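Comments concern the structure below.
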Amino acid sequence: MIVLAIETSCDETSAAVVRDGQHVLSNLISSQVLLHAQYGGVVPEVASRAHAEVLNVILPKALEEAKVAWEDIDAIAVTYGPGLIGALLIGLTAAKAISYTKNIPLVAVHHIAGHVYANFLDTDKFKINALPFPFLSLVVSGGHTQIMHCHDHGTYEIIGRTGDDSVGEAFDKVARVLGLGYPGGPAIDKVAKTGDAYAIPFPKLYVNSSDDLNFSFSGIKTAVLHRVQKHPEDKKEDVAASFQRTAIDYLVHKTIKAALQKNCKLIFLAGGVAANSLLRQEITAKAAEKGITVHYPPMKYCTDNAAMIAAAAYHQVKNKRFAPLTVEARASVGL
Ligand code: KG4
Ligand code: ZN
């Protein structure tokens, strides 16, 4: 099965061709980071325009690199939500146009499902036709922070989520306070390596947190802001490292608690923050102590890309769950 996928939900324009849901034949990503950096965050209108300009260039390239022709494509998959509505519309409209003119079935994919399925790209460890259900997935991106109990393809239960900011937003806002630029996550990850993670005693989030599996990241964001205002002499590296340790400890603590509660022996990390080196290291070590295995996608598949959308589309295509041409983009939509 050959799927062509398009992803334009935020600030990455991507087109990919994936065989049998797992083998990436091409995955082109045009990042808009430089366009948005001058504003310190994603400007939706700028993102939409850039998607429209770039998509026509990378679509034929994705086919060319994959060495496939339009006739070889079995389905066209596209992110329909959640995301920036104007940005989603560009990808969705392009996919509909292709579907209509080339007579290729359309598949509408949920962006978060895409992040989870990124775990199965280019790996021999898992077969997409025989995934080890049930498993847990910690979804940590710019828009989401949630723990999902995955029972089957398309059957997911959200057992924990943030009530305010996502962890990615917290990284981005703290980076802005520290003057580290945008996007903040990778910047904090990098400078934290030369800082002292115990220099600043931010309160342990899981100690003060509710007993459930939900998160709140607004408190730590404010704590960092107050600290920087009160102690301008602090080294940026130390603040970044201390914040990162506090946020990651919290994610690790609650995710392992969830795995123990649900008796799950396998956790998949998903989303942009799954690229964080401390998260990967800490959760793998802490989970191993409890006999739990953690898996995460290679860096290039953690942040937004179209290959993951093709992977998530695989079972929808198999079950002929195609979308009508009237399918709409959704800024926020549940799984
Ligand atoms: O999944 P993603 O690419 O886009 C959304 O769907 O939101 O996630 C983007 C988020 C941003 O907040 C970015 O700062 C964060 O992922 N991020 C990281 C790292 N790389 C990206 N956060 C922490 N450490 C990283 N290495
Ligand atoms: Zn994403």
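We label chains A, B, ... in the order they appear in the structure tokens, count residues from 1 in each chain, and number ligands from 1 in the order shown.
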Find the residues near ligand 2. Use a cut-off of 9 Å, count only C-alpha atoms and all ligand atoms, and write them as a VMD selection string. chain A and resid 9 to 10 83 111 to 112 114 to 115 140 to 144 270 to 272 302 to 305
Go ahead and write the residues just picked, C-alpha atoms, as an mmCIF file, in the first residue's frame.
```
data_model
loop_
_atom_site.group_PDB
_atom_site.id
_atom_site.type_symbol
_atom_site.label_atom_id
_atom_site.label_comp_id
_atom_site.auth_asym_id
_atom_site.auth_seq_id
_atom_site.Cartn_x
_atom_site.Cartn_y
_atom_site.Cartn_z
ATOM 1 C CA SER A 9 -1.276 21.884 10.836
ATOM 2 C CA CYS A 10 1.236 24.361 12.255
ATOM 3 C CA GLY A 83 -4.158 22.785 14.451
ATOM 4 C CA HIS A 111 -2.732 14.985 14.081
ATOM 5 C CA ILE A 112 -2.213 13.325 17.486
ATOM 6 C CA GLY A 114 -0.022 10.759 13.616
ATOM 7 C CA HIS A 115 2.381 11.549 16.456
ATOM 8 C CA VAL A 140 3.789 15.903 24.464
ATOM 9 C CA SER A 141 3.721 18.612 21.821
ATOM 10 C CA GLY A 142 3.221 22.346 21.418
ATOM 11 C CA GLY A 143 -0.533 21.928 21.622
ATOM 12 C CA HIS A 144 -0.997 18.777 23.726
ATOM 13 C CA ALA A 270 4.992 11.081 20.917
ATOM 14 C CA GLY A 271 5.117 14.728 19.824
ATOM 15 C CA GLY A 272 7.763 17.418 19.587
ATOM 16 C CA CYS A 302 9.081 13.463 16.704
ATOM 17 C CA THR A 303 8.300 16.939 15.401
ATOM 18 C CA ASP A 304 5.610 17.541 12.778
ATOM 19 C CA ASN A 305 6.033 15.561 9.550
#
```
Need the shell around region 187-190 of chain A: protein/DNA/RNA residues with any atom at most 9 Å away, counting only C-alpha atoms. Skip same-chain ones fewer than 6 positions apart. Format as a CSV table (one decimal) with C-alpha atoms, in the first residue's frame?
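Result file follows (around-v6.csv):
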```csv
chain,number,residue,atom,x,y,z
A,171,PHE,CA,9.3,25.2,27.2
A,172,ASP,CA,8.6,27.9,24.6
A,174,VAL,CA,10.4,29.9,29.5
A,175,ALA,CA,12.8,30.1,26.5
A,180,LEU,CA,16.8,31.9,24.1
A,181,GLY,CA,14.6,32.4,21.0
A,237,GLU,CA,21.9,27.6,31.8
A,240,ALA,CA,16.9,26.3,31.9
A,241,ALA,CA,18.3,23.1,33.4
A,244,GLN,CA,13.7,21.3,32.4
A,276,ASN,CA,13.8,16.1,24.6
A,277,SER,CA,17.0,14.3,25.6
A,278,LEU,CA,16.3,14.4,29.4
```
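Proximity of A:Asp211, A:Asp165, A:Glu53, A:Glu65 to ligand 1, computed with only C-alpha atoms and all ligand atoms, is greatest for A:Asp165.
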Write down as number ranges by chain the residues of region 38-150 of chain A whose backbone DSSP state falls under helix (DSSP H, G or I). A: 44-66, 70-72, 85-102, 111-120
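Residues lying within 10 Å of Ile159 (chain A), counting only C-alpha atoms and ignoring same-chain neighbours fewer than 4 positions away, are Leu136, Gln146, Ile147, Met148, His149, Asp212, Leu213, Asn214, Ala258 and Lys262 of chain A.
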Any chance you can output those residues with N, CA, C and O atoms as a PDB file, in the first residue's frame?
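Result file follows (out35.pdb):
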```
ATOM      1  N   LEU A 136       0.476   2.402  26.488  1.00  0.00           N
ATOM      2  CA  LEU A 136       0.275   3.806  26.856  1.00  0.00           C
ATOM      3  C   LEU A 136       1.052   4.677  25.904  1.00  0.00           C
ATOM      4  O   LEU A 136       2.104   4.275  25.411  1.00  0.00           O
ATOM      5  N   GLN A 146      -0.836  14.855  27.033  1.00  0.00           N
ATOM      6  CA  GLN A 146      -1.831  13.887  27.484  1.00  0.00           C
ATOM      7  C   GLN A 146      -1.271  12.472  27.530  1.00  0.00           C
ATOM      8  O   GLN A 146      -0.347  12.126  26.802  1.00  0.00           O
ATOM      9  N   ILE A 147      -1.863  11.680  28.454  1.00  0.00           N
ATOM     10  CA  ILE A 147      -1.511  10.266  28.551  1.00  0.00           C
ATOM     11  C   ILE A 147      -2.670   9.495  27.939  1.00  0.00           C
ATOM     12  O   ILE A 147      -3.822   9.662  28.355  1.00  0.00           O
ATOM     13  N   MET A 148      -2.361   8.683  26.935  1.00  0.00           N
ATOM     14  CA  MET A 148      -3.404   7.934  26.245  1.00  0.00           C
ATOM     15  C   MET A 148      -3.254   6.448  26.502  1.00  0.00           C
ATOM     16  O   MET A 148      -2.150   5.915  26.464  1.00  0.00           O
ATOM     17  N   HIS A 149      -4.383   5.779  26.762  1.00  0.00           N
ATOM     18  CA  HIS A 149      -4.409   4.330  26.882  1.00  0.00           C
ATOM     19  C   HIS A 149      -4.943   3.839  25.539  1.00  0.00           C
ATOM     20  O   HIS A 149      -6.099   4.077  25.205  1.00  0.00           O
ATOM     21  N   ASP A 212      -4.576  12.621  40.638  1.00  0.00           N
ATOM     22  CA  ASP A 212      -4.968  11.946  39.385  1.00  0.00           C
ATOM     23  C   ASP A 212      -3.815  11.975  38.375  1.00  0.00           C
ATOM     24  O   ASP A 212      -2.663  12.230  38.725  1.00  0.00           O
ATOM     25  N   LEU A 213      -4.127  11.749  37.125  1.00  0.00           N
ATOM     26  CA  LEU A 213      -3.083  11.679  36.094  1.00  0.00           C
ATOM     27  C   LEU A 213      -3.016  12.967  35.261  1.00  0.00           C
ATOM     28  O   LEU A 213      -2.390  13.000  34.208  1.00  0.00           O
ATOM     29  N   ASN A 214      -3.669  14.031  35.769  1.00  0.00           N
ATOM     30  CA  ASN A 214      -3.690  15.294  35.018  1.00  0.00           C
ATOM     31  C   ASN A 214      -2.487  16.176  35.347  1.00  0.00           C
ATOM     32  O   ASN A 214      -1.844  16.015  36.383  1.00  0.00           O
ATOM     33  N   ALA A 258       0.643   6.108  35.667  1.00  0.00           N
ATOM     34  CA  ALA A 258      -0.433   5.662  34.772  1.00  0.00           C
ATOM     35  C   ALA A 258      -0.173   4.238  34.285  1.00  0.00           C
ATOM     36  O   ALA A 258      -1.089   3.401  34.258  1.00  0.00           O
ATOM     37  N   LYS A 262      -2.593   1.048  35.013  1.00  0.00           N
ATOM     38  CA  LYS A 262      -3.244   0.313  33.909  1.00  0.00           C
ATOM     39  C   LYS A 262      -2.538  -1.007  33.614  1.00  0.00           C
ATOM     40  O   LYS A 262      -2.904  -1.706  32.666  1.00  0.00           O
TER      41      LYS A 262
END
```
For CA of Asp164 (chain A) and CA of Lys257 (chain A), the interatomic separation in Å (one decimal): 20.6 Å
Report the residues of region 105-240 of chain A whose backbone DSSP state falls under strand (DSSP E), written as a VMD selection string. chain A and resid 106 to 110 135 to 140 145 to 152 155 to 161
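The list of residues with at least one atom within 12 Å of Lys286 (chain A), based on only C-alpha atoms and without residues fewer than 5 positions apart in the same chain, reads Ile248, Asp249, Leu251, Val252, His253, Lys254, Thr255, Ile256, Lys257, Ala259, Ile267, Leu278, Leu279, Arg280, Gln281, Gly291, Ile292, Thr293 and Val294 of chain A.
Distances from A:Arg19, A:Arg176, A:Arg245, A:Arg161 to Ala192 (chain A) were compared using only C-alpha atoms, and the smallest one belongs to A:Arg245.
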Would you list the contacts of Ala312 (chain A) as a compact mmCIF listing (two decimals) with C-alpha atoms, in the first residue's frame, taking every protein, DNA or RNA residue within 9 Å and counting only C-alpha atoms, but skipping same-chain residues closer than 6 positions in sequence?
```
# COMPACT_ATOMS: atom_id res chain seq x y z
CA GLY A 21 2.33 2.19 6.83
CA ALA A 77 -3.85 11.16 3.68
CA VAL A 109 -6.08 11.90 9.84
CA HIS A 110 -6.04 13.24 13.41
CA HIS A 111 -2.73 14.98 14.08
CA ALA A 113 -2.79 9.84 16.05
CA GLY A 114 -0.02 10.76 13.62
CA HIS A 115 2.38 11.55 16.46
CA VAL A 116 1.69 8.17 18.10
CA TYR A 117 2.18 6.25 14.83
CA ALA A 118 5.52 7.99 14.27
CA HIS A 153 -6.32 1.27 16.13
```
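Using only C-alpha atoms, the shortest contact distance between Val177 (chain A) and any of A:Leu106, A:Gly40, A:Cys264, A:Tyr100 is found at A:Gly40.
Taking CA of Leu138 (chain A) as the reference point, atom 3 (O, counted along the ligand's line) of ligand 1 is found at 14.3 Å.
Counting only C-alpha atoms, Ala331 (chain A) has the following residues at most 10 Å away, ignoring those fewer than 2 positions along the same chain: Ser9, Tyr80, Gly81, Pro82, Gly83, Leu84, Ile85, Gly86, Ala87, Leu88, Leu89, Glu328, Ala329 and Val333 of chain A.
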Please provide as number ranges by chain all residues within 7 Å of Asp122 (chain A), with the sequence filter that same-chain residues fewer than 4 positions apart are discarded (counting only C-alpha atoms). A: 22-24
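Ranking A:Ser48, A:Ser332, A:Thr123, A:Thr284 by their shortest atom-to-atom distance to ligand 1, with only C-alpha atoms and all ligand atoms included, puts A:Ser332 first.
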Closest pair table for region 248-326 of chain A residues within 10 Å of region 124-130 of chain A, only C-alpha atoms, as a Markdown table:
```
| residue | atom | partner | partner_atom | distance |
| --- | --- | --- | --- | --- |
| A:His295 | CA | A:Lys125 | CA | 9.8 |
| A:Ala311 | CA | A:Ile128 | CA | 8.4 |
| A:Ala312 | CA | A:Ile128 | CA | 9.6 |
| A:Tyr314 | CA | A:Ile128 | CA | 8.4 |
| A:His315 | CA | A:Asn129 | CA | 8.5 |
```
What separates CA of Ala47 (chain A) and atom 20 (N, counted along the ligand's line) of ligand 1 is a distance of 18.8 Å
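Of the listed residues (A:Lys221, A:His36, A:Lys300, A:Lys320), A:Lys300 comes nearest to ligand 1; the distances count only C-alpha atoms and all ligand atoms.
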Using only C-alpha atoms, the best pick from A:Leu25, A:Gly168, A:Lys235, A:Phe217 as closest to Lys67 (chain A) would be A:Leu25
